[in-house]
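Peer 1: If it helps, the file is called start18.cif and holds mmCIF, C-alpha atoms and all ligand atoms:
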```
data_coords
loop_
_atom_site.label_atom_id
_atom_site.label_comp_id
_atom_site.auth_asym_id
_atom_site.auth_seq_id
_atom_site.Cartn_x
_atom_site.Cartn_y
_atom_site.Cartn_z
CA MET A 11 126.21 102.28 25.65
CA ASN A 12 126.30 105.02 23.02
CA LYS A 13 123.90 103.29 20.64
CA HIS A 14 121.18 103.38 23.29
CA ILE A 15 118.76 106.22 23.84
CA ASP A 16 119.34 106.78 27.53
CA LEU A 17 116.27 107.96 29.46
CA ARG A 18 117.27 106.53 32.85
CA SER A 19 118.13 109.91 34.34
CA ASP A 20 119.05 113.50 33.52
CA THR A 21 122.39 112.78 35.21
CA VAL A 22 123.71 110.78 32.25
CA THR A 23 124.58 113.79 30.10
CA LYS A 24 128.13 114.40 28.91
CA PRO A 25 129.80 117.82 29.20
CA SER A 26 129.21 119.96 26.11
CA ALA A 27 131.91 121.51 23.91
CA ASP A 28 131.05 124.87 25.54
CA MET A 29 131.77 123.43 28.96
CA LEU A 30 135.08 121.93 27.90
CA ASP A 31 136.03 125.22 26.21
CA ALA A 32 135.26 127.03 29.46
CA VAL A 33 137.65 124.69 31.28
CA ARG A 34 140.35 125.19 28.65
CA HIS A 35 139.98 128.96 28.83
CA THR A 36 139.72 129.24 32.60
CA ASP A 37 141.53 132.32 33.90
CA LEU A 38 144.16 130.53 35.98
CA SER A 39 145.05 133.75 37.81
CA LYS A 40 141.66 133.35 39.51
CA VAL A 41 142.04 129.64 40.30
CA GLY A 42 143.36 128.75 43.74
CA ASP A 43 142.95 126.34 46.63
CA ASP A 44 139.27 126.42 47.61
CA VAL A 45 139.91 124.78 50.98
CA PHE A 46 141.88 127.98 51.74
CA GLY A 47 138.95 129.96 50.26
CA GLU A 48 141.33 131.13 47.50
CA ASP A 49 139.54 129.97 44.36
CA GLU A 50 138.13 133.27 43.12
CA LEU A 51 136.03 131.65 40.40
CA THR A 52 134.30 129.48 43.00
CA ASN A 53 133.82 132.41 45.39
CA GLU A 54 132.29 134.48 42.58
CA PHE A 55 130.00 131.66 41.45
CA GLU A 56 128.81 130.93 44.99
CA HIS A 57 128.05 134.62 45.39
CA GLU A 58 126.25 134.78 42.03
CA VAL A 59 124.02 131.77 42.75
CA ALA A 60 123.31 132.98 46.30
CA GLU A 61 122.09 136.28 44.78
CA LEU A 62 119.91 134.40 42.31
CA PHE A 63 118.25 132.68 45.27
CA GLY A 64 118.16 135.77 47.50
CA LYS A 65 120.32 133.99 50.08
CA GLU A 66 123.35 135.35 51.95
CA ALA A 67 125.76 132.62 50.93
CA GLY A 68 126.30 129.44 48.92
CA LEU A 69 128.72 126.52 49.08
CA PHE A 70 129.75 124.49 46.04
CA VAL A 71 129.73 120.76 46.82
CA PRO A 72 130.35 117.59 44.77
CA SER A 73 126.79 116.24 44.87
CA GLY A 74 123.15 116.91 45.65
CA THR A 75 123.37 114.28 48.35
CA MET A 76 126.12 116.20 50.10
CA ALA A 77 124.15 119.46 49.80
CA ASN A 78 121.06 117.82 51.36
CA GLN A 79 123.04 116.15 54.12
CA LEU A 80 124.88 119.36 55.00
CA ALA A 81 121.48 121.04 55.21
CA ILE A 82 120.19 118.36 57.56
CA LYS A 83 123.36 118.70 59.64
CA VAL A 84 123.16 122.48 60.06
CA ASN A 85 119.39 122.50 60.65
CA THR A 86 119.21 119.80 63.36
CA SER A 87 120.77 118.48 66.56
CA GLU A 88 121.46 114.79 67.27
CA GLY A 89 118.34 112.83 68.18
CA ASP A 90 115.98 115.19 66.36
CA GLU A 91 113.28 114.14 63.92
CA VAL A 92 112.97 115.41 60.35
CA ILE A 93 109.59 115.40 58.58
CA CYS A 94 109.62 114.54 54.89
CA GLU A 95 107.47 112.86 52.25
CA THR A 96 107.60 109.04 51.94
CA GLY A 97 109.16 109.13 48.48
CA ALA A 98 111.68 111.87 49.32
CA HIS A 99 115.18 111.50 47.93
CA ILE A 100 116.68 111.99 51.40
CA ALA A 101 114.60 109.05 52.69
CA ASN A 102 115.18 106.63 49.81
CA TYR A 103 118.39 107.33 47.92
CA GLU A 104 120.88 108.81 50.34
CA THR A 105 122.07 105.60 52.00
CA SER A 106 120.65 106.33 55.49
CA ALA A 107 122.93 109.36 55.67
CA PRO A 108 120.65 111.35 58.04
CA ALA A 109 121.09 108.56 60.63
CA MET A 110 124.80 108.18 60.02
CA LEU A 111 125.93 111.78 59.58
CA SER A 112 123.47 113.82 61.67
CA ARG A 113 122.15 111.09 63.98
CA VAL A 114 118.55 112.12 63.30
CA GLN A 115 115.55 110.05 62.30
CA LEU A 116 113.13 110.73 59.48
CA LYS A 117 109.38 110.75 59.90
CA THR A 118 107.97 110.02 56.47
CA ILE A 119 104.41 110.96 55.49
CA ASP A 120 102.54 109.92 52.33
CA GLY A 121 101.85 112.90 50.12
CA GLU A 122 99.72 113.15 47.01
CA ASN A 123 102.11 113.02 44.07
CA GLY A 124 104.92 113.82 46.48
CA ILE A 125 103.17 116.91 47.84
CA LEU A 126 102.53 117.22 51.59
CA LYS A 127 99.89 119.61 52.86
CA ALA A 128 100.56 121.95 55.79
CA GLU A 129 97.88 120.14 57.86
CA GLN A 130 99.66 116.79 57.43
CA ILE A 131 102.91 118.31 58.60
CA SER A 132 101.17 120.02 61.50
CA ASP A 133 99.72 116.65 62.62
CA ALA A 134 103.17 115.04 62.45
CA ILE A 135 104.95 117.57 64.68
CA ARG A 136 105.76 115.90 67.98
CA PRO A 137 104.40 117.33 71.21
CA SER A 138 107.01 118.29 73.75
CA ALA A 139 107.75 115.41 76.17
CA ASP A 140 110.83 113.54 77.36
CA TRP A 141 109.83 110.41 75.44
CA TYR A 142 109.24 112.03 72.05
CA PRO A 143 111.88 112.92 69.51
CA ARG A 144 112.15 116.66 68.95
CA THR A 145 110.83 117.73 65.53
CA SER A 146 113.26 120.33 64.27
CA LEU A 147 113.21 120.26 60.48
CA VAL A 148 110.79 119.84 57.58
CA ALA A 149 112.32 118.93 54.21
CA LEU A 150 110.39 119.33 50.94
CA GLU A 151 111.41 118.28 47.43
CA ASN A 152 110.69 120.37 44.33
CA THR A 153 110.39 118.96 41.78
CA HIS A 154 109.63 115.61 43.36
CA ASN A 155 111.71 112.93 41.65
CA ARG A 156 110.01 109.67 42.67
CA ALA A 157 106.52 111.10 42.20
CA GLY A 158 107.34 111.92 38.57
CA GLY A 159 108.82 115.43 38.51
CA THR A 160 105.85 117.07 40.22
CA VAL A 161 105.97 120.77 41.03
CA TYR A 162 105.25 121.87 44.60
CA PRO A 163 102.44 124.47 44.52
CA ILE A 164 103.86 127.75 45.81
CA ALA A 165 100.68 128.44 47.83
CA GLU A 166 101.25 125.19 49.79
CA ILE A 167 104.90 126.09 50.35
CA GLU A 168 103.76 129.44 51.78
CA ARG A 169 101.41 127.70 54.20
CA ILE A 170 104.09 125.20 55.25
CA ALA A 171 106.62 128.00 55.75
CA GLU A 172 104.15 129.88 57.94
CA LEU A 173 103.53 126.75 60.00
CA CYS A 174 107.28 126.13 60.41
CA LYS A 175 107.82 129.72 61.50
CA SER A 176 105.05 129.51 64.08
CA LYS A 177 106.38 126.18 65.43
CA LYS A 178 110.01 127.32 65.27
CA LEU A 179 110.95 124.55 62.84
CA ARG A 180 113.60 124.87 60.18
CA LEU A 181 112.56 124.32 56.54
CA HIS A 182 114.82 122.83 53.85
CA LEU A 183 114.19 122.51 50.13
CA ASP A 184 115.76 119.69 48.13
CA GLY A 185 115.80 121.70 44.92
CA ALA A 186 117.95 119.34 42.87
CA ARG A 187 115.51 120.12 40.03
CA LEU A 188 114.17 123.46 41.20
CA TRP A 189 115.24 124.85 37.81
CA ASN A 190 112.63 122.61 36.19
CA ALA A 191 109.95 123.87 38.60
CA CYS A 192 110.91 127.46 37.75
CA VAL A 193 110.71 126.87 34.01
CA ALA A 194 107.37 125.06 34.39
CA THR A 195 105.77 127.80 36.52
CA GLY A 196 107.57 130.95 35.41
CA LEU A 197 108.56 131.59 39.04
CA LYS A 198 112.11 132.64 39.93
CA PRO A 199 114.47 130.69 42.22
CA LYS A 200 114.08 133.56 44.73
CA ASP A 201 110.29 133.15 44.79
CA TYR A 202 110.72 129.64 46.14
CA ALA A 203 113.90 130.14 48.17
CA GLN A 204 112.51 133.00 50.28
CA HIS A 205 110.40 130.48 52.20
CA PHE A 206 113.27 128.15 53.14
CA ASP A 207 116.18 128.32 55.58
CA THR A 208 118.35 126.22 53.28
CA VAL A 209 118.07 125.16 49.66
CA SER A 210 120.09 122.57 47.74
CA VAL A 211 120.39 122.76 43.97
CA CYS A 212 122.18 120.66 41.34
CA PHE A 213 123.98 121.77 38.19
CA SER A 214 124.51 118.13 37.25
CA LYS A 215 120.89 117.17 36.48
CA GLY A 216 118.88 118.87 33.69
CA LEU A 217 121.41 121.70 33.37
CA GLY A 218 123.93 119.14 32.15
CA ALA A 219 127.13 119.90 34.12
CA PRO A 220 129.24 116.83 34.85
CA ILE A 221 129.72 117.72 38.53
CA GLY A 222 128.38 120.11 41.10
CA SER A 223 125.66 121.13 43.48
CA MET A 224 125.23 123.95 45.95
CA ILE A 225 123.72 124.54 49.37
CA LEU A 226 122.37 128.03 49.98
CA GLY A 227 121.44 129.74 53.24
CA THR A 228 122.57 132.30 55.79
CA LYS A 229 126.26 133.15 56.14
CA ALA A 230 126.31 131.47 59.56
CA ASP A 231 124.74 128.23 58.28
CA ILE A 232 127.00 128.09 55.23
CA GLN A 233 130.08 128.66 57.40
CA ARG A 234 129.06 125.61 59.47
CA ALA A 235 128.31 123.62 56.32
CA ARG A 236 131.81 124.46 55.06
CA ARG A 237 133.35 122.85 58.13
CA TYR A 238 131.27 119.67 57.72
CA ARG A 239 132.00 119.55 53.99
CA LYS A 240 135.70 119.36 54.92
CA MET A 241 135.05 116.79 57.65
CA TRP A 242 133.14 114.58 55.19
CA GLY A 243 135.93 114.72 52.62
CA GLY A 244 134.23 117.19 50.29
CA GLY A 245 136.77 120.02 50.57
CA MET A 246 138.11 120.50 47.06
CA ARG A 247 141.15 122.34 45.77
CA GLN A 248 141.40 124.10 42.35
CA ILE A 249 137.70 123.69 41.59
CA GLY A 250 137.46 126.83 39.47
CA VAL A 251 137.82 124.48 36.49
CA VAL A 252 134.80 122.45 37.62
CA VAL A 253 132.81 125.54 38.53
CA ALA A 254 133.50 126.86 35.01
CA MET A 255 131.38 124.01 33.62
CA ALA A 256 128.58 124.51 36.16
CA LYS A 257 128.51 128.20 35.24
CA VAL A 258 128.10 127.40 31.53
CA ALA A 259 125.37 124.88 32.44
CA LEU A 260 123.42 127.54 34.35
CA GLU A 261 123.89 130.26 31.73
CA LYS A 262 123.17 128.17 28.63
CA ASN A 263 120.91 125.31 29.62
CA TYR A 264 118.33 126.82 31.96
CA ASP A 265 115.76 128.10 29.45
CA ARG A 266 116.05 125.02 27.25
CA LEU A 267 114.60 122.83 30.05
CA ALA A 268 111.23 123.72 28.47
CA ILE A 269 112.20 121.43 25.58
CA ASP A 270 112.77 118.52 27.99
CA HIS A 271 109.33 119.19 29.46
CA GLN A 272 107.72 119.04 26.00
CA HIS A 273 109.56 115.79 25.30
CA ALA A 274 108.35 114.28 28.59
CA LYS A 275 104.78 115.27 27.73
CA ALA A 276 105.10 113.61 24.31
CA LEU A 277 106.33 110.39 25.92
CA ALA A 278 103.46 110.48 28.43
CA GLN A 279 100.92 110.94 25.64
CA ALA A 280 102.38 107.95 23.81
CA PHE A 281 102.01 105.83 26.96
CA GLU A 282 98.47 107.11 27.42
CA ALA A 283 97.57 105.82 23.95
CA ASN A 284 98.68 102.28 24.85
CA PRO A 285 96.25 100.41 27.15
CA LYS A 286 99.13 98.42 28.62
CA PHE A 287 100.20 101.50 30.53
CA GLN A 288 98.59 103.98 32.87
CA VAL A 289 99.69 107.57 33.15
CA ASN A 290 97.90 110.91 33.09
CA SER A 291 99.88 113.08 30.71
CA ALA A 292 98.19 116.17 32.17
CA HIS A 293 100.06 115.43 35.40
CA VAL A 294 103.45 115.39 33.68
CA GLN A 295 104.72 118.85 34.54
CA THR A 296 108.47 118.68 33.98
CA ASN A 297 111.09 116.23 32.63
CA ILE A 298 110.14 113.02 34.47
CA VAL A 299 107.50 110.51 33.42
CA ALA A 300 106.46 107.85 35.96
CA VAL A 301 104.29 105.16 34.38
CA ASP A 302 102.19 102.42 35.96
CA VAL A 303 102.78 99.18 34.04
CA ALA A 304 100.25 97.06 35.99
CA PRO A 305 97.71 96.87 33.10
CA SER A 306 100.42 95.19 30.94
CA ARG A 307 100.48 92.27 33.41
CA GLN A 308 104.24 92.41 33.22
CA SER A 309 106.60 93.48 35.93
CA GLU A 310 108.39 96.83 35.79
CA ASN A 311 111.70 94.99 35.29
CA GLU A 312 110.33 93.01 32.35
CA ILE A 313 109.19 96.24 30.71
CA VAL A 314 112.59 97.85 31.34
CA GLU A 315 114.23 94.84 29.68
CA GLN A 316 111.90 95.06 26.65
CA PHE A 317 112.84 98.70 26.14
CA LYS A 318 116.51 97.78 26.46
CA GLN A 319 116.18 95.12 23.76
CA GLN A 320 114.86 97.90 21.51
CA GLY A 321 117.80 100.20 22.32
CA VAL A 322 116.13 102.40 24.92
CA LEU A 323 117.33 102.59 28.51
CA ILE A 324 114.73 103.41 31.17
CA SER A 325 114.51 102.55 34.87
CA SER A 326 112.12 100.98 37.35
CA ILE A 327 111.38 103.12 40.41
CA LYS A 328 109.10 100.97 42.50
CA LYS A 329 106.76 98.01 42.13
CA ASN A 330 104.78 98.39 38.88
CA PHE A 331 106.37 101.72 38.01
CA ILE A 332 108.89 102.66 35.36
CA ARG A 333 110.50 106.07 34.95
CA LEU A 334 111.74 107.98 31.94
CA VAL A 335 113.69 111.23 32.28
CA THR A 336 114.28 113.61 29.39
CA HIS A 337 117.43 115.71 29.12
CA LEU A 338 119.63 117.64 26.73
CA GLY A 339 121.37 114.49 25.50
CA VAL A 340 118.17 113.22 23.84
CA SER A 341 117.03 114.83 20.58
CA ASN A 342 113.51 115.44 19.35
CA GLN A 343 114.00 112.75 16.72
CA GLU A 344 115.03 110.22 19.38
CA ILE A 345 111.93 111.13 21.41
CA GLN A 346 109.79 110.43 18.33
CA THR A 347 111.53 107.04 17.99
CA VAL A 348 110.76 106.21 21.63
CA CYS A 349 107.12 107.36 21.20
CA LYS A 350 106.71 104.89 18.33
CA LEU A 351 108.26 102.14 20.42
CA ILE A 352 105.88 102.92 23.31
CA GLN A 353 102.89 102.64 20.99
CA ASN A 354 104.04 99.28 19.67
CA ILE A 355 105.35 97.60 22.77
C1 LIG A 401 115.52 115.11 44.22
C2 LIG A 401 116.97 114.73 44.32
N1 LIG A 401 117.69 115.21 45.34
C3 LIG A 401 118.99 114.91 45.48
C4 LIG A 401 119.64 114.13 44.56
C5 LIG A 401 121.08 113.76 44.79
O1 LIG A 401 121.95 114.26 43.86
P1 LIG A 401 123.36 113.52 43.61
O2 LIG A 401 123.09 112.36 42.75
O3 LIG A 401 124.18 114.61 42.94
O4 LIG A 401 123.92 113.15 44.95
C6 LIG A 401 118.94 113.61 43.46
C7 LIG A 401 119.61 112.74 42.47
O5 LIG A 401 119.04 112.25 41.53
C8 LIG A 401 117.56 113.91 43.34
O6 LIG A 401 116.81 113.42 42.35
#
```
Starting from the file, give its structure as structure tokens.
Ligand SMILES: Cc1ncc(COP(=O)(O)O)c(C=O)c1O
Peer 2:
Amino acid sequence: MNKHIDLRSDTVTKPSADMLDAVRHTDLSKVGDDVFGEDELTNEFEHEVAELFGKEAGLFVPSGTMANQLAIKVNTSEGDEVICETGAHIANYETSAPAMLSRVQLKTIDGENGILKAEQISDAIRPSADWYPRTSLVALENTHNRAGGTVYPIAEIERIAELCKSKKLRLHLDGARLWNACVATGLKPKDYAQHFDTVSVCFSKGLGAPIGSMILGTKADIQRARRYRKMWGGGMRQIGVVVAMAKVALEKNYDRLAIDHQHAKALAQAFEANPKFQVNSAHVQTNIVAVDVAPSRQSENEIVEQFKQQGVLISSIKKNFIRLVTHLGVSNQEIQTVCKLIQNI
């Protein structure tokens, strides 16, 4: 695998020397059993990230999926309906967990580049009647993975938050890549988080940690999430050593996401210059490039295979679409190599 340039996802990164040093030098007097709430390093980190997001509390969890599902659990009751965008991660890549774990159904609506407008959400809210599901939660995704790393406009988030408040709906943000949105816009995590009841974030995507996500919200919601995390087998013990790596990821790799964004733009421009592909590089805002391969008259899987033959791993995301994701494990020189390949394919 190592000889390949791996652009399938920003989750393929390996822990850096800094991260491993942080594990080696962990202050063991502060490490304890986190199920007992006795891992001081975890408690401190949860507190620190909650402050960064202007939330009362945070809970460190193994994955973004668990963070999202805990959010759905604490924001809904059984039989409720959750509104989200058609391409949302919770609707496509979380193994029907909302149905299995929270016994809710999803109402998916087509957005433009993954972005739903407040009016669309308003139209989808169920009237009150015995035969309708009860709409209780709206879940947004920023950046939007399947749509190609698109950034949710803050003005639209404000309008949606206002609508949710007026309709007494909860609002969750799948912010697995909110860091990328922040770097792209110059906004702070707090600027986004203030509009949401719960937010999930990942340290294991562009920030490069090997493990770790967090759900953020009120103390009461996080206390409930903590109980479900244990129920679902996500209670962890001496996780100060894992948290140590997530902390390094947040401190050292946040600002450098701008480099990944430049790399993604360069890849998009290379695709734009080849008539076999269709992409608007102006729409590439962060570290994901989604490309329409229909003009090549080849399937997305055939294109993926061609890249693989040339030593570059990419993925197909849906019919006619391939996806490339830049991350800290791919150098500028490797991006130039891939750009040349794109031009010649
Ligand atoms: C937008 C989004 N949300 C949630 C997740 C889930 O994260 P994990 O793979 O850690 O469960 C992902 C994973 O790629 C994602 O892209």
Peer 1: Given all atoms listed in the file as the basis, pick out the residue of A:Gln279, A:Ser341, A:Gln204, A:Thr347 nearest to Glu66 in chain A.
Peer 2: A:Gln204
Peer 1: Do you know which residues are within 10 Å of ligand LIG 401 (chain A) using all atoms listed in the file? Can you write them as a PyMOL selection string?
Peer 2: chain A and resi 19-21+71-79+97-100+102-104+150-156+159+183-188+210-215+220-224
Peer 1: Ranking A:Asp16, A:Glu61, A:Asp201, A:Asp49 by minimum distance to Val251 in chain A and counting only C-alpha atoms, which one comes first?
Peer 2: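 Smallest separation from Val251 in chain A among the options: A:Asp49.
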Peer 1: I'd like the neighbourhood of Val84 in chain A as a PyMOL selection string, where a residue qualifies if any of its atoms comes within 10 Å (using only C-alpha atoms), though same-chain residues fewer than 5 positions away should be ignored.
Peer 2: chain A and resi 79+112+180+208+230-235+238
Peer 1: With C-alpha atoms retained, export the selected residues as a PDB file, keeping the file's coordinate frame.
Peer 2:
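What follows is the written file selection.pdb:
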```pdb
ATOM      1  CA  GLN A  79     123.040 116.150  54.120  1.00  0.00           C
ATOM      2  CA  SER A 112     123.470 113.820  61.670  1.00  0.00           C
ATOM      3  CA  ARG A 180     113.600 124.870  60.180  1.00  0.00           C
ATOM      4  CA  THR A 208     118.350 126.220  53.280  1.00  0.00           C
ATOM      5  CA  ALA A 230     126.310 131.470  59.560  1.00  0.00           C
ATOM      6  CA  ASP A 231     124.740 128.230  58.280  1.00  0.00           C
ATOM      7  CA  ILE A 232     127.000 128.090  55.230  1.00  0.00           C
ATOM      8  CA  GLN A 233     130.080 128.660  57.400  1.00  0.00           C
ATOM      9  CA  ARG A 234     129.060 125.610  59.470  1.00  0.00           C
ATOM     10  CA  ALA A 235     128.310 123.620  56.320  1.00  0.00           C
ATOM     11  CA  TYR A 238     131.270 119.670  57.720  1.00  0.00           C
TER      12      TYR A 238
END
```
Peer 1: Could you list, as a list in words, every residue within 9 Å of Asn290 in chain A, counting only C-alpha atoms and ignoring same-chain residues fewer than 6 positions away?
Peer 2: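 Contacts, with the query itself left out: Ala278, Gln279, Phe281, Glu282 and Val301 of chain A.
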Peer 1: Please produce an output containing C-alpha atoms for each residue in the selection, written as a PDB file, in the frame of the given file.
Peer 2:
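File result-v5.pdb, as written:
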```pdb
ATOM      1  CA  ALA A 278     103.460 110.480  28.430  1.00  0.00           C
ATOM      2  CA  GLN A 279     100.920 110.940  25.640  1.00  0.00           C
ATOM      3  CA  PHE A 281     102.010 105.830  26.960  1.00  0.00           C
ATOM      4  CA  GLU A 282      98.470 107.110  27.420  1.00  0.00           C
ATOM      5  CA  VAL A 301     104.290 105.160  34.380  1.00  0.00           C
TER       6      VAL A 301
END
```
Peer 1: Looking at A:Glu58, A:Val258, A:Lys240, A:Leu126, which one is nearest to Phe46 in chain A, with distances taken over all atoms listed in the file?
Peer 2: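 Looking only at the distances to Phe46 in chain A, the closest residue turns out to be A:Lys240.
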Peer 1: Pull the neighbourhood of (140.0, 137.2, 38.3) for me: all residues within 12 Å in file coordinates, counting all atoms listed in the file, as an MDAnalysis selection string.
Peer 2: chainID A and resid 36:42 48:55 250
Peer 1: In Å to one decimal, how far is CA of Ala81 in chain A from CA of Gly47 in chain A?
Peer 2: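 According to the coordinates, CA of Gly47 in chain A and CA of Ala81 in chain A are separated by 20.2 Å.
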Peer 1: I'd like the box whose edges run along x, y and z of the file and which contains every listed atom of range 282-286 of chain A, padded by 4 Å per side; could you state its centre and edge lengths in Å, one decimal, as AutoDock Vina command-line options?
Peer 2:
```
--center_x 97.7 --center_y 102.8 --center_z 26.3 --size_x 10.9 --size_y 16.7 --size_z 12.7
```
Peer 1: Of the candidates A:Gln272, A:Gln316, A:Ser306, A:Gln248, which one gets nearest to Ser291 in chain A if we count only C-alpha atoms?
Peer 2: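 The answer is A:Gln272, which sits nearest to Ser291 in chain A.
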Peer 1: For Gly158 in chain A, find every residue with an atom within 9 Å (counting all atoms listed in the file), except residues of its own chain fewer than 6 positions away, and show them as a list in words.
Peer 2: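 Here the qualifying residues turn out to be Asn123, Gly124, His293, Val294, Gln295, Thr296, Asn297, Ile298, Val299, Ala300, Val301, Arg333, Leu334 and Val335 of chain A.
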Peer 1: Which distance in Å separates CA of Ala256 in chain A and CA of Thr160 in chain A, to one decimal?
Peer 2: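 Atom-to-atom, CA of Ala256 in chain A and CA of Thr160 in chain A are spaced 24.3 Å apart.
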Peer 1: Which one of A:Pro163, A:Pro137, A:Gly218, A:Pro25 sits closest to Ala191 in chain A if you count only C-alpha atoms?
Peer 2: A:Pro163
Peer 1: Could you jot down the CA of Lys200 in chain A to CA of Ile164 in chain A separation for me, Å, one decimal place?
Peer 2: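 That distance, rounded to one decimal, is 11.8 Å.
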Peer 1: Which one of A:Phe63, A:Trp242, A:Trp141, A:Phe70 sits closest to Leu197 in chain A if you count all atoms listed in the file?
Peer 2: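 Of the candidates, the smallest distance to Leu197 in chain A is held by A:Phe63.
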Peer 1: May I have the residues within 12 Å of Met110 in chain A as a list of chain:residue names, using only C-alpha atoms and disregarding those fewer than 5 positions away in the same chain?
Peer 2: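 Once the nearby chain positions are removed, what remains is A:Gln79, A:Ile82, A:Lys83, A:Glu88, A:Gly89, A:Glu104, A:Thr105, A:Gln115, A:Leu116, A:Trp242.
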Peer 1: If we count only C-alpha atoms, what is near Gly321 in chain A at a cut-off of 7 Å, once residues fewer than 4 positions away on the same chain are taken out, given as a PDB file with C-alpha atoms, keeping the file's coordinate frame?
Peer 2:
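Output contents, as saved in part.pdb:
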```pdb
ATOM      1  CA  HIS A  14     121.180 103.380  23.290  1.00  0.00           C
ATOM      2  CA  ILE A  15     118.760 106.220  23.840  1.00  0.00           C
ATOM      3  CA  PHE A 317     112.840  98.700  26.140  1.00  0.00           C
TER       4      PHE A 317
END
```
Peer 1: Because some atoms of range 32-44 of chain A are absent here, can you restore N, CA, C and O atoms and send them as a compact mmCIF listing (two decimals), keeping the file's coordinate frame?
Peer 2:
```
# COMPACT_ATOMS: atom_id res chain seq x y z
N ALA A 32 135.17 126.18 28.26
CA ALA A 32 135.26 127.03 29.46
C ALA A 32 136.38 126.54 30.38
O ALA A 32 137.09 127.35 30.98
N VAL A 33 136.56 125.23 30.45
CA VAL A 33 137.65 124.69 31.28
C VAL A 33 139.00 125.10 30.67
O VAL A 33 139.89 125.60 31.35
N ARG A 34 139.09 124.89 29.35
CA ARG A 34 140.35 125.19 28.65
C ARG A 34 140.73 126.66 28.80
O ARG A 34 141.89 127.01 28.90
N HIS A 35 139.70 127.52 28.80
CA HIS A 35 139.98 128.96 28.83
C HIS A 35 139.83 129.56 30.22
O HIS A 35 139.72 130.77 30.37
N THR A 36 139.83 128.72 31.23
CA THR A 36 139.72 129.24 32.60
C THR A 36 140.86 130.21 32.88
O THR A 36 142.02 129.94 32.54
N ASP A 37 140.52 131.33 33.51
CA ASP A 37 141.53 132.32 33.90
C ASP A 37 142.27 131.77 35.13
O ASP A 37 141.78 131.87 36.26
N LEU A 38 143.45 131.21 34.88
CA LEU A 38 144.16 130.53 35.98
C LEU A 38 144.63 131.49 37.07
O LEU A 38 144.89 131.06 38.20
N SER A 39 144.66 132.79 36.75
CA SER A 39 145.05 133.75 37.81
C SER A 39 143.96 133.81 38.89
O SER A 39 144.20 134.27 39.99
N LYS A 40 142.76 133.32 38.54
CA LYS A 40 141.66 133.35 39.51
C LYS A 40 141.44 131.99 40.17
O LYS A 40 140.56 131.82 41.01
N VAL A 41 142.20 130.99 39.73
CA VAL A 41 142.04 129.64 40.30
C VAL A 41 143.00 129.49 41.48
O VAL A 41 144.16 129.90 41.40
N GLY A 42 142.50 128.95 42.56
CA GLY A 42 143.36 128.75 43.74
C GLY A 42 142.84 127.58 44.56
O GLY A 42 141.97 126.83 44.11
N ASP A 43 143.34 127.46 45.77
CA ASP A 43 142.95 126.34 46.63
C ASP A 43 141.67 126.71 47.38
O ASP A 43 141.68 127.57 48.26
N ASP A 44 140.58 126.04 47.03
CA ASP A 44 139.27 126.42 47.61
C ASP A 44 139.15 126.06 49.08
O ASP A 44 138.34 126.64 49.80
```
